[in-house]
$ cat input22.json   # JSON, C-alpha atoms
[["chain", "number", "residue", "atom", "x", "y", "z"],
["U", 1, "MET", "CA", -90.76, -61.09, 28.20],
["U", 2, "ALA", "CA", -90.63, -58.44, 25.47],
["U", 3, "ASP", "CA", -93.45, -56.09, 24.50],
["U", 4, "VAL", "CA", -95.59, -56.69, 27.56],
["U", 5, "LEU", "CA", -98.51, -54.27, 27.62],
["U", 6, "LEU", "CA", -100.12, -55.17, 30.95],
["U", 7, "SER", "CA", -98.47, -56.46, 34.12],
["U", 8, "ILE", "CA", -100.96, -57.94, 36.60],
["U", 9, "CYS", "CA", -99.20, -57.64, 39.96],
["U", 10, "ILE", "CA", -100.56, -59.87, 42.73],
["U", 11, "PRO", "CA", -99.20, -59.38, 46.26],
["U", 12, "THR", "CA", -100.28, -62.33, 48.39],
["U", 13, "TYR", "CA", -99.97, -63.88, 51.82],
["U", 14, "ASN", "CA", -101.46, -67.17, 53.05],
["U", 15, "ARG", "CA", -104.34, -67.25, 50.59],
["U", 16, "ALA", "CA", -103.35, -70.23, 48.47],
["U", 17, "LYS", "CA", -106.90, -71.32, 47.66],
["U", 18, "SER", "CA", -108.18, -67.94, 46.48],
["U", 19, "LEU", "CA", -104.86, -67.22, 44.74],
["U", 20, "ASP", "CA", -105.27, -70.46, 42.77],
["U", 21, "GLU", "CA", -108.75, -69.40, 41.63],
["U", 22, "THR", "CA", -107.59, -65.86, 40.88],
["U", 23, "ILE", "CA", -104.70, -66.90, 38.65],
["U", 24, "GLY", "CA", -106.80, -69.63, 37.08],
["U", 25, "SER", "CA", -109.41, -67.06, 36.03],
["U", 26, "ILE", "CA", -106.68, -65.01, 34.31],
["U", 27, "VAL", "CA", -104.78, -67.74, 32.49],
["U", 28, "ALA", "CA", -107.99, -69.25, 31.12],
["U", 29, "GLN", "CA", -108.81, -66.12, 29.13],
["U", 30, "LYS", "CA", -108.13, -65.79, 25.42],
["U", 31, "ALA", "CA", -106.38, -62.45, 25.90],
["U", 32, "PHE", "CA", -103.78, -64.16, 28.06],
["U", 33, "LEU", "CA", -103.46, -67.39, 26.09],
["U", 34, "ASN", "CA", -103.37, -65.97, 22.57],
["U", 35, "SER", "CA", -100.83, -63.17, 22.97],
["U", 36, "ASN", "CA", -97.76, -62.08, 24.90],
["U", 37, "GLU", "CA", -99.29, -58.79, 25.98],
["U", 38, "ILE", "CA", -99.98, -59.85, 29.57],
["U", 39, "GLU", "CA", -97.69, -61.01, 32.35],
["U", 40, "ILE", "CA", -98.49, -61.99, 35.93],
["U", 41, "ILE", "CA", -96.22, -61.10, 38.84],
["U", 42, "ILE", "CA", -96.84, -62.97, 42.10],
["U", 43, "ALA", "CA", -95.20, -61.49, 45.21],
["U", 44, "ASP", "CA", -95.44, -64.00, 48.04],
["U", 45, "ASN", "CA", -94.92, -62.36, 51.43],
["U", 46, "CYS", "CA", -93.34, -65.47, 52.99],
["U", 47, "SER", "CA", -96.59, -67.44, 53.19],
["U", 48, "THR", "CA", -96.77, -70.45, 55.49],
["U", 49, "ASP", "CA", -99.44, -72.31, 53.51],
["U", 50, "ASN", "CA", -99.02, -73.88, 50.05],
["U", 51, "THR", "CA", -98.91, -70.56, 48.18],
["U", 52, "GLN", "CA", -95.52, -71.46, 46.70],
["U", 53, "GLN", "CA", -96.81, -74.77, 45.30],
["U", 54, "VAL", "CA", -99.85, -73.05, 43.79],
["U", 55, "SER", "CA", -97.68, -70.37, 42.22],
["U", 56, "GLU", "CA", -95.17, -72.84, 40.82],
["U", 57, "LYS", "CA", -97.98, -74.83, 39.25],
["U", 58, "TYR", "CA", -98.63, -71.82, 37.02],
["U", 59, "THR", "CA", -95.02, -70.76, 36.49],
["U", 60, "ASN", "CA", -94.25, -74.28, 35.27],
["U", 61, "GLN", "CA", -97.09, -74.01, 32.79],
["U", 62, "PHE", "CA", -96.44, -70.42, 31.69],
["U", 63, "SER", "CA", -92.78, -69.83, 32.48],
["U", 64, "ASP", "CA", -92.50, -66.97, 30.00],
["U", 65, "LYS", "CA", -95.62, -65.16, 31.23],
["U", 66, "ILE", "CA", -95.70, -65.62, 35.01],
["U", 67, "LYS", "CA", -93.03, -64.63, 37.52],
["U", 68, "TYR", "CA", -93.06, -65.81, 41.13],
["U", 69, "ILE", "CA", -91.17, -63.95, 43.87],
["U", 70, "ARG", "CA", -91.00, -65.20, 47.43],
["U", 71, "ASN", "CA", -89.81, -62.90, 50.20],
["U", 72, "GLU", "CA", -87.45, -64.47, 52.73],
["U", 73, "LYS", "CA", -89.47, -62.83, 55.50],
["U", 74, "ASN", "CA", -92.78, -61.00, 55.79],
["U", 75, "ILE", "CA", -92.03, -57.40, 54.84],
["U", 76, "GLY", "CA", -95.52, -56.00, 55.34],
["U", 77, "SER", "CA", -98.33, -55.54, 52.87],
["U", 78, "TYR", "CA", -97.38, -52.26, 51.23],
["U", 79, "LEU", "CA", -93.73, -53.23, 50.70],
["U", 80, "ASN", "CA", -94.95, -56.46, 49.15],
["U", 81, "GLN", "CA", -97.10, -54.41, 46.77],
["U", 82, "LYS", "CA", -93.94, -52.47, 45.88],
["U", 83, "THR", "CA", -92.08, -55.74, 45.29],
["U", 84, "ALA", "CA", -94.72, -56.83, 42.78],
["U", 85, "LEU", "CA", -94.73, -53.51, 40.93],
["U", 86, "ASP", "CA", -90.93, -53.22, 40.86],
["U", 87, "ALA", "CA", -90.59, -56.65, 39.26],
["U", 88, "SER", "CA", -92.97, -55.85, 36.40],
["U", 89, "SER", "CA", -92.03, -55.04, 32.82],
["U", 90, "GLY", "CA", -95.34, -53.96, 31.28],
["U", 91, "THR", "CA", -96.23, -50.60, 29.78],
["U", 92, "ILE", "CA", -98.94, -50.30, 32.42],
["U", 93, "LEU", "CA", -99.07, -52.00, 35.82],
["U", 94, "LYS", "CA", -102.17, -53.22, 37.62],
["U", 95, "LEU", "CA", -102.32, -54.12, 41.29],
["U", 96, "HIS", "CA", -104.59, -57.12, 41.71],
["U", 97, "ASN", "CA", -105.99, -58.66, 44.87],
["U", 98, "ASP", "CA", -105.25, -62.35, 45.48],
["U", 99, "ASN", "CA", -108.99, -63.04, 45.78],
["U", 100, "LEU", "CA", -110.30, -61.55, 42.52],
["U", 101, "ASP", "CA", -111.91, -63.96, 40.10],
["U", 102, "MET", "CA", -111.86, -62.27, 36.70],
["U", 103, "ILE", "CA", -115.03, -62.47, 34.64],
["U", 104, "GLU", "CA", -114.72, -64.29, 31.32],
["U", 105, "ASP", "CA", -113.31, -62.11, 28.51],
["U", 106, "SER", "CA", -112.88, -59.13, 30.86],
["U", 107, "LEU", "CA", -109.16, -59.04, 30.06],
["U", 108, "SER", "CA", -109.91, -58.34, 26.41],
["U", 109, "ASP", "CA", -111.96, -55.30, 27.43],
["U", 110, "ILE", "CA", -109.21, -54.08, 29.75],
["U", 111, "LEU", "CA", -106.56, -54.45, 27.05],
["U", 112, "GLN", "CA", -108.71, -52.46, 24.65],
["U", 113, "LEU", "CA", -109.17, -49.76, 27.29],
["U", 114, "ILE", "CA", -105.40, -49.53, 27.68],
["U", 115, "LYS", "CA", -104.79, -49.39, 23.92],
["U", 116, "ASN", "CA", -107.40, -46.66, 23.51],
["U", 117, "ASN", "CA", -105.54, -44.51, 26.04],
["U", 118, "ILE", "CA", -101.91, -45.43, 25.46],
["U", 119, "LYS", "CA", -101.15, -42.25, 23.53],
["U", 120, "ASP", "CA", -102.30, -39.72, 26.15],
["U", 121, "LYS", "CA", -101.64, -41.98, 29.16],
["U", 122, "PRO", "CA", -104.33, -40.65, 31.50],
["U", 123, "ILE", "CA", -104.80, -42.09, 34.97],
["U", 124, "ILE", "CA", -106.84, -45.30, 34.67],
["U", 125, "PHE", "CA", -108.83, -46.59, 37.60],
["U", 126, "CYS", "CA", -111.37, -49.42, 37.70],
["U", 127, "THR", "CA", -114.26, -49.26, 40.17],
["U", 128, "ASN", "CA", -115.68, -52.68, 39.22],
["U", 129, "GLY", "CA", -119.13, -51.11, 38.83],
["U", 130, "ASN", "CA", -119.11, -49.29, 42.16],
["U", 131, "ALA", "CA", -118.99, -45.67, 40.98],
["U", 132, "LYS", "CA", -121.99, -43.48, 41.73],
["U", 133, "ASN", "CA", -122.08, -42.57, 38.04],
["U", 134, "LYS", "CA", -123.27, -45.76, 36.31],
["U", 135, "SER", "CA", -121.67, -45.00, 32.93],
["U", 136, "GLU", "CA", -119.16, -47.58, 31.74],
["U", 137, "LEU", "CA", -116.51, -44.89, 31.19],
["U", 138, "ILE", "CA", -116.26, -41.74, 33.30],
["U", 139, "PHE", "CA", -113.88, -38.98, 32.21],
["U", 140, "CYS", "CA", -112.51, -36.80, 35.00],
["U", 141, "LYS", "CA", -110.64, -33.62, 34.19],
["U", 142, "ASP", "CA", -109.38, -32.96, 37.72],
["U", 143, "MET", "CA", -109.22, -34.14, 41.33],
["U", 144, "ASN", "CA", -112.66, -32.77, 42.16],
["U", 145, "GLU", "CA", -114.35, -34.86, 39.50],
["U", 146, "PHE", "CA", -112.34, -37.95, 40.42],
["U", 147, "VAL", "CA", -113.21, -37.74, 44.13],
["U", 148, "SER", "CA", -116.86, -37.03, 43.32],
["U", 149, "ASN", "CA", -117.16, -40.05, 41.04],
["U", 150, "VAL", "CA", -114.83, -42.63, 42.58],
["U", 151, "SER", "CA", -115.11, -41.67, 46.27],
["U", 152, "TYR", "CA", -113.61, -44.06, 48.83],
["U", 153, "PHE", "CA", -113.47, -46.87, 46.26],
["U", 154, "SER", "CA", -110.08, -45.36, 45.38],
["U", 155, "THR", "CA", -108.81, -47.35, 48.39],
["U", 156, "TRP", "CA", -109.26, -50.61, 46.49],
["U", 157, "ILE", "CA", -105.88, -51.83, 45.26],
["U", 158, "GLY", "CA", -107.59, -53.98, 42.61],
["U", 159, "GLY", "CA", -108.65, -50.83, 40.78],
["U", 160, "LEU", "CA", -105.24, -49.22, 40.52],
["U", 161, "PHE", "CA", -103.45, -48.97, 37.19],
["U", 162, "ILE", "CA", -100.28, -46.94, 36.76],
["U", 163, "TRP", "CA", -98.19, -46.43, 33.65],
["U", 164, "LYS", "CA", -94.69, -47.81, 34.14],
["U", 165, "SER", "CA", -93.16, -44.48, 33.11],
["U", 166, "GLU", "CA", -95.25, -42.66, 35.74],
["U", 167, "TYR", "CA", -94.35, -45.19, 38.41],
["U", 168, "LYS", "CA", -90.62, -44.88, 37.73],
["U", 169, "ASN", "CA", -90.78, -41.08, 37.89],
["U", 170, "LEU", "CA", -92.87, -40.94, 41.07],
["U", 171, "ASP", "CA", -90.62, -40.06, 44.00],
["U", 172, "ASN", "CA", -91.02, -42.62, 46.79],
["U", 173, "PRO", "CA", -94.40, -43.97, 45.60],
["U", 174, "PHE", "CA", -94.97, -45.83, 48.87],
["U", 175, "ARG", "CA", -94.08, -42.93, 51.15],
["U", 176, "HIS", "CA", -97.37, -43.30, 53.08],
["U", 177, "GLY", "CA", -97.43, -47.07, 53.17],
["U", 178, "ASP", "CA", -97.71, -46.97, 56.95],
["U", 179, "LEU", "CA", -101.20, -45.49, 56.51],
["U", 180, "MET", "CA", -102.16, -48.67, 54.60],
["U", 181, "LEU", "CA", -103.42, -46.60, 51.66],
["U", 182, "PRO", "CA", -100.39, -46.02, 49.40],
["U", 183, "GLN", "CA", -102.62, -46.44, 46.34],
["U", 184, "VAL", "CA", -104.72, -43.42, 47.35],
["U", 185, "ASP", "CA", -101.62, -41.28, 47.82],
["U", 186, "ILE", "CA", -100.34, -42.35, 44.39],
["U", 187, "LEU", "CA", -103.64, -41.43, 42.73],
["U", 188, "LEU", "CA", -103.85, -38.04, 44.43],
["U", 189, "ARG", "CA", -100.27, -37.19, 43.55],
["U", 190, "LEU", "CA", -100.89, -37.98, 39.90],
["U", 191, "LEU", "CA", -104.12, -35.97, 39.93],
["U", 192, "ALA", "CA", -102.24, -33.07, 41.51],
["U", 193, "LYS", "CA", -100.06, -32.99, 38.39],
["U", 194, "GLN", "CA", -103.21, -31.95, 36.50],
["U", 195, "ARG", "CA", -103.50, -35.42, 35.01],
["U", 196, "LYS", "CA", -106.87, -36.39, 33.58],
["U", 197, "ALA", "CA", -108.43, -39.69, 34.58],
["U", 198, "VAL", "CA", -110.46, -42.38, 32.87],
["U", 199, "VAL", "CA", -112.61, -44.33, 35.30],
["U", 200, "TYR", "CA", -113.61, -47.76, 34.03],
["U", 201, "ASN", "CA", -116.84, -48.63, 35.79],
["U", 202, "LYS", "CA", -117.65, -51.95, 34.15],
["U", 203, "LYS", "CA", -117.64, -54.97, 36.46],
["U", 204, "PHE", "CA", -114.65, -57.14, 35.56],
["U", 205, "SER", "CA", -114.19, -59.35, 38.62],
["U", 206, "ARG", "CA", -115.87, -61.13, 41.52],
["U", 207, "VAL", "CA", -114.45, -61.01, 45.03],
["U", 208, "LEU", "CA", -113.81, -64.51, 46.35],
["U", 209, "ALA", "CA", -114.59, -65.42, 49.94],
["U", 210, "THR", "CA", -111.48, -65.89, 52.06],
["U", 211, "GLU", "CA", -110.98, -67.45, 55.46],
["U", 212, "LYS", "CA", -108.65, -64.67, 56.52],
["U", 213, "LYS", "CA", -110.39, -61.29, 56.34],
["U", 214, "SER", "CA", -108.73, -58.00, 57.17],
["U", 215, "GLY", "CA", -108.55, -57.09, 60.84],
["U", 216, "TYR", "CA", -107.84, -53.37, 60.45],
["U", 217, "ASN", "CA", -109.69, -50.58, 62.17],
["U", 218, "VAL", "CA", -112.17, -48.98, 59.75],
["U", 219, "ALA", "CA", -112.36, -45.72, 61.70],
["U", 220, "GLU", "CA", -108.57, -45.41, 61.70],
["U", 221, "ILE", "CA", -107.92, -46.34, 58.06],
["U", 222, "PHE", "CA", -110.83, -44.44, 56.54],
["U", 223, "GLY", "CA", -111.92, -41.84, 59.10],
["U", 224, "GLN", "CA", -108.36, -40.78, 59.87],
["U", 225, "ASN", "CA", -105.84, -41.95, 57.25],
["U", 226, "TYR", "CA", -107.98, -41.59, 54.11],
["U", 227, "ILE", "CA", -109.13, -38.15, 55.22],
["U", 228, "SER", "CA", -105.58, -37.02, 56.08],
["U", 229, "LEU", "CA", -104.31, -37.86, 52.57],
["U", 230, "HIS", "CA", -106.89, -35.53, 51.01],
["U", 231, "LYS", "CA", -106.57, -32.54, 53.33],
["U", 232, "PRO", "CA", -103.33, -31.09, 51.87],
["U", 233, "TYR", "CA", -105.02, -30.68, 48.49],
["U", 234, "ILE", "CA", -107.73, -28.47, 49.99],
["U", 235, "ASP", "CA", -105.06, -26.05, 51.15],
["U", 236, "THR", "CA", -103.54, -25.93, 47.65],
["U", 237, "GLY", "CA", -106.94, -25.41, 46.02],
["U", 238, "LEU", "CA", -106.85, -28.64, 44.02],
["U", 239, "LEU", "CA", -109.71, -30.15, 46.03],
["U", 240, "ASP", "CA", -112.83, -28.09, 46.63],
["U", 241, "ARG", "CA", -113.77, -27.88, 50.30],
["U", 242, "ASN", "CA", -117.46, -28.58, 49.62],
["U", 243, "ILE", "CA", -116.66, -31.66, 47.54],
["U", 244, "PHE", "CA", -114.40, -32.89, 50.33],
["U", 245, "LYS", "CA", -117.19, -32.36, 52.88],
["U", 246, "ARG", "CA", -119.63, -34.33, 50.73],
["U", 247, "GLU", "CA", -117.06, -37.10, 50.49],
["U", 248, "LYS", "CA", -116.70, -37.16, 54.28],
["U", 249, "PHE", "CA", -120.48, -37.47, 54.61],
["U", 250, "ARG", "CA", -120.69, -40.31, 52.11],
["U", 251, "LEU", "CA", -117.70, -42.09, 53.65],
["U", 252, "LEU", "CA", -119.17, -41.92, 57.15],
["U", 253, "TYR", "CA", -122.70, -43.03, 56.31],
["U", 254, "LYS", "CA", -122.01, -45.49, 53.52],
["U", 255, "HIS", "CA", -118.86, -47.16, 54.78],
["U", 256, "ILE", "CA", -117.46, -46.32, 58.20],
["U", 257, "ILE", "CA", -120.64, -46.69, 60.26],
["U", 258, "PRO", "CA", -121.98, -49.85, 58.53],
["U", 259, "CYS", "CA", -118.58, -51.56, 58.76],
["U", 260, "TYR", "CA", -117.56, -50.33, 62.20],
["U", 261, "PHE", "CA", -120.87, -51.10, 63.86],
["U", 262, "ASP", "CA", -121.04, -54.53, 62.32],
["U", 263, "PHE", "CA", -123.41, -56.10, 64.82],
["U", 264, "ALA", "CA", -123.89, -59.15, 62.63],
["U", 265, "LYS", "CA", -120.10, -59.74, 62.80],
["U", 266, "GLU", "CA", -119.64, -60.22, 59.08],
["U", 267, "PHE", "CA", -116.17, -58.68, 59.18],
["U", 268, "ASN", "CA", -113.10, -58.94, 61.35],
["U", 269, "TYR", "CA", -112.67, -55.21, 62.00],
["U", 270, "LYS", "CA", -111.22, -53.75, 65.18],
["U", 271, "LYS", "CA", -113.75, -51.86, 67.29],
["U", 272, "THR", "CA", -111.66, -49.38, 69.25],
["U", 273, "GLY", "CA", -110.99, -45.63, 69.11],
["U", 274, "TYR", "CA", -114.08, -44.56, 67.16],
["U", 275, "LEU", "CA", -114.14, -41.02, 68.61],
["U", 276, "LYS", "CA", -110.35, -40.85, 68.67],
["U", 277, "TYR", "CA", -109.91, -41.60, 64.98],
["U", 278, "LEU", "CA", -112.82, -39.47, 63.77],
["U", 279, "VAL", "CA", -111.42, -36.24, 65.18],
["U", 280, "ASP", "CA", -111.73, -34.57, 61.76],
["U", 281, "TYR", "CA", -115.49, -35.09, 61.92],
["U", 282, "LYS", "CA", -116.04, -33.28, 65.21],
["U", 283, "LYS", "CA", -116.94, -29.98, 63.52],
["U", 284, "ASP", "CA", -119.45, -31.61, 61.17],
["U", 285, "TRP", "CA", -123.12, -31.58, 62.15],
["U", 286, "PHE", "CA", -123.77, -34.86, 60.33],
["U", 287, "PHE", "CA", -121.29, -36.64, 62.59],
["U", 288, "TYR", "CA", -123.46, -36.06, 65.65],
["U", 289, "PHE", "CA", -126.66, -36.78, 63.73],
["U", 290, "SER", "CA", -125.17, -40.15, 62.76],
["U", 291, "PHE", "CA", -125.49, -41.43, 66.33],
["U", 292, "LEU", "CA", -129.24, -41.58, 65.80],
["U", 293, "MET", "CA", -128.63, -44.25, 63.15],
["U", 294, "PHE", "CA", -127.04, -46.81, 65.47],
["U", 295, "PRO", "CA", -130.32, -48.41, 66.67],
["U", 296, "LEU", "CA", -131.45, -48.78, 63.05],
["U", 297, "ILE", "CA", -128.13, -50.35, 62.07],
["U", 298, "PHE", "CA", -128.40, -52.77, 64.97],
["U", 299, "ILE", "CA", -131.94, -53.84, 63.98],
["U", 300, "LYS", "CA", -130.93, -54.21, 60.32],
["U", 301, "SER", "CA", -127.83, -56.26, 61.18],
["U", 302, "VAL", "CA", -129.69, -58.60, 63.52],
["U", 303, "ALA", "CA", -132.44, -59.11, 60.94],
["U", 304, "LYS", "CA", -129.87, -59.87, 58.24],
["U", 305, "LYS", "CA", -128.09, -62.38, 60.46],
["U", 306, "THR", "CA", -131.39, -64.03, 61.41],
["U", 307, "ILE", "CA", -132.41, -64.43, 57.77],
["U", 308, "LYS", "CA", -129.02, -65.98, 56.92],
["U", 309, "ASN", "CA", -129.35, -68.45, 59.78],
["U", 310, "LEU", "CA", -132.85, -69.43, 58.65],
["U", 311, "PHE", "CA", -131.59, -70.17, 55.15],
["U", 312, "ARG", "CA", -128.72, -72.25, 56.52],
["U", 313, "ARG", "CA", -131.10, -74.32, 58.59],
["U", 314, "GLY", "CA", -133.39, -74.74, 55.61]]
$ encode --input "input22.json" --output "structure tokens"
Amino acid sequence: MADVLLSICIPTYNRAKSLDETIGSIVAQKAFLNSNEIEIIIADNCSTDNTQQVSEKYTNQFSDKIKYIRNEKNIGSYLNQKTALDASSGTILKLHNDNLDMIEDSLSDILQLIKNNIKDKPIIFCTNGNAKNKSELIFCKDMNEFVSNVSYFSTWIGGLFIWKSEYKNLDNPFRHGDLMLPQVDILLRLLAKQRKAVVYNKKFSRVLATEKKSGYNVAEIFGQNYISLHKPYIDTGLLDRNIFKREKFRLLYKHIIPCYFDFAKEFNYKKTGYLKYLVDYKKDWFFYFSFLMFPLIFIKSVAKKTIKNLFRRG
């Protein structure tokens, strides 16, 4: 399809129901229906449910705007992300979770954001309203400002946009796919090139509930892998050591501890190797102070679970 501005790239595996709702929320929007500026790429990682039937329902309806790719075998999540991006033809590419219901007319706002920045081509990242700074647009001149404003939300693949020209020129963009955070590495590498960033903080989507939640180890992915991707930039002076330390504090208290010590069992996270994976925290005073929080987290989690159960019974 010629003159595509935005490629929405959806890697998926065994989430037919949420994928159906996700694509449905895109194709129903005026920005998709009334122009040829948007394409959808679906990369199916050899699903065993009816993902193919759901996808073909939409490709039959929008054959010139939606492309469906099915892998012959499961190639892993990050290589499937690469498959989706490689098959795209847009000026800018957006990774999109298979369980993101897009808010009505949000695509029009996103297209306008892209058009406003197409000349200078800064990094564009969407936090979906999760940035500490509550402004709709946040302008970051360097890595320090990006990390300070976006924090660990940079791990969300649904927020990643990358200009096609940048993607093609990025050597081995998925070089750290084994760390399960290739999107963070991509962002940091672009920031290291002294690229400015525009952070779009307006909420544009709702996360749909899925039967199959991630079973990764939060301490490993965030406390070890996320941290390791940032450390080289401290040595080069691109990331201020104090900003990095504040990020470690925020990451530990706001994300790792609440998710890892999930006493209410809301998530399917692995619960092993906490001390092993947080080795980079062992010189930080706030790491040891955090152990005092565990009883409070336990009480809060139990209370939350009790309240939920009471509402279900009611």
$ closest_residue --input "input22.json" --among "U:Pro11, U:Pro258, U:Gly158, U:Gly76" --to "U:Met180" --atoms "only C-alpha atoms"
U:Gly76
$ closest_atom_pairs --input "input22.json" --of "stretch 68-161 of chain U" --to "stretch 223-235 of chain U" --cutoff "12 Å" --atoms "all atoms listed in the file" --output "Markdown table"
| residue | atom | partner | partner_atom | distance |
| --- | --- | --- | --- | --- |
| U:Asp142 | CA | U:Tyr233 | CA | 11.8 |
| U:Met143 | CA | U:Tyr233 | CA | 9.0 |
| U:Asn144 | CA | U:Tyr233 | CA | 10.1 |
| U:Val147 | CA | U:His230 | CA | 9.6 |
| U:Ser151 | CA | U:Tyr226 | CA | 10.6 |
| U:Tyr152 | CA | U:Tyr226 | CA | 8.1 |
| U:Phe153 | CA | U:Tyr226 | CA | 10.9 |
| U:Ser154 | CA | U:Tyr226 | CA | 9.7 |
| U:Thr155 | CA | U:Tyr226 | CA | 8.2 |
| U:Trp156 | CA | U:Tyr226 | CA | 11.9 |
$ write_last_selection --input "input22.json" --atoms "C-alpha atoms" --output "mmCIF file, in the frame of the given file"
data_model
loop_
_atom_site.group_PDB
_atom_site.id
_atom_site.type_symbol
_atom_site.label_atom_id
_atom_site.label_comp_id
_atom_site.auth_asym_id
_atom_site.auth_seq_id
_atom_site.Cartn_x
_atom_site.Cartn_y
_atom_site.Cartn_z
ATOM 1 C CA ASP U 142 -109.380 -32.960 37.720
ATOM 2 C CA MET U 143 -109.220 -34.140 41.330
ATOM 3 C CA ASN U 144 -112.660 -32.770 42.160
ATOM 4 C CA VAL U 147 -113.210 -37.740 44.130
ATOM 5 C CA SER U 151 -115.110 -41.670 46.270
ATOM 6 C CA TYR U 152 -113.610 -44.060 48.830
ATOM 7 C CA PHE U 153 -113.470 -46.870 46.260
ATOM 8 C CA SER U 154 -110.080 -45.360 45.380
ATOM 9 C CA THR U 155 -108.810 -47.350 48.390
ATOM 10 C CA TRP U 156 -109.260 -50.610 46.490
#
$ atom_distance --input "input22.json" --atom1 "atom CA of U:Lys276" --atom2 "atom CA of U:Ala219"
8.7 Å
$ closest_residue --input "input22.json" --among "U:Val184, U:Phe146, U:Lys168, U:Phe298" --to "U:Leu239" --atoms "all atoms listed in the file"
U:Phe146
$ residues_around --input "input22.json" --residues "U:Asn97" --least-positions-apart "3" --cutoff "9 Å" --atoms "all atoms listed in the file" --output "ChimeraX atom specification"
/U:9-12,19,22,100,156-158,207
$ residues_around --input "input22.json" --residues "stretch 105-111 of chain U" --least-positions-apart "2" --cutoff "9 Å" --atoms "all atoms listed in the file" --output "MDAnalysis selection string"
chainID U and resid 5:6 26 29:32 37:38 102:103 113:116 200 203:205
$ atom_distance --input "input22.json" --atom1 "atom CA of U:Val54" --atom2 "atom CA of U:Val27"
13.4 Å
$ atom_distance --input "input22.json" --atom1 "atom CA of U:Ser148" --atom2 "atom CA of U:Leu251"
11.5 Å
$ residues_around --input "input22.json" --residues "stretch 117-125 of chain U" --least-positions-apart "3" --cutoff "6 Å" --atoms "only C-alpha atoms" --output "VMD selection string"
chain U and resid 114 159 to 161 196 to 199
$ axis_aligned_box --input "input22.json" --around "stretch 115-125 of chain U" --padding-each-side "6 Å" --output "AutoDock Vina command-line options"
--center_x -105.0 --center_y -44.6 --center_z 30.6 --size_x 19.7 --size_y 21.7 --size_z 26.1
$ residues_around --input "input22.json" --residues "U:Glu136" --least-positions-apart "5" --cutoff "10 Å" --atoms "only C-alpha atoms" --output "list of chain:residue names"
U:Cys126, U:Thr127, U:Asn128, U:Gly129, U:Ala131, U:Val199, U:Tyr200, U:Asn201, U:Lys202, U:Lys203
$ residues_around --input "input22.json" --residues "U:Pro173" --least-positions-apart "6" --cutoff "9 Å" --atoms "all atoms listed in the file" --output "PyMOL selection string"
chain U and resi 82+167+182-183+185-186
$ closest_residue --input "input22.json" --among "U:Asn242, U:Asn45, U:Asn99, U:Ser7" --to "U:Glu21" --atoms "only C-alpha atoms"
U:Asn99
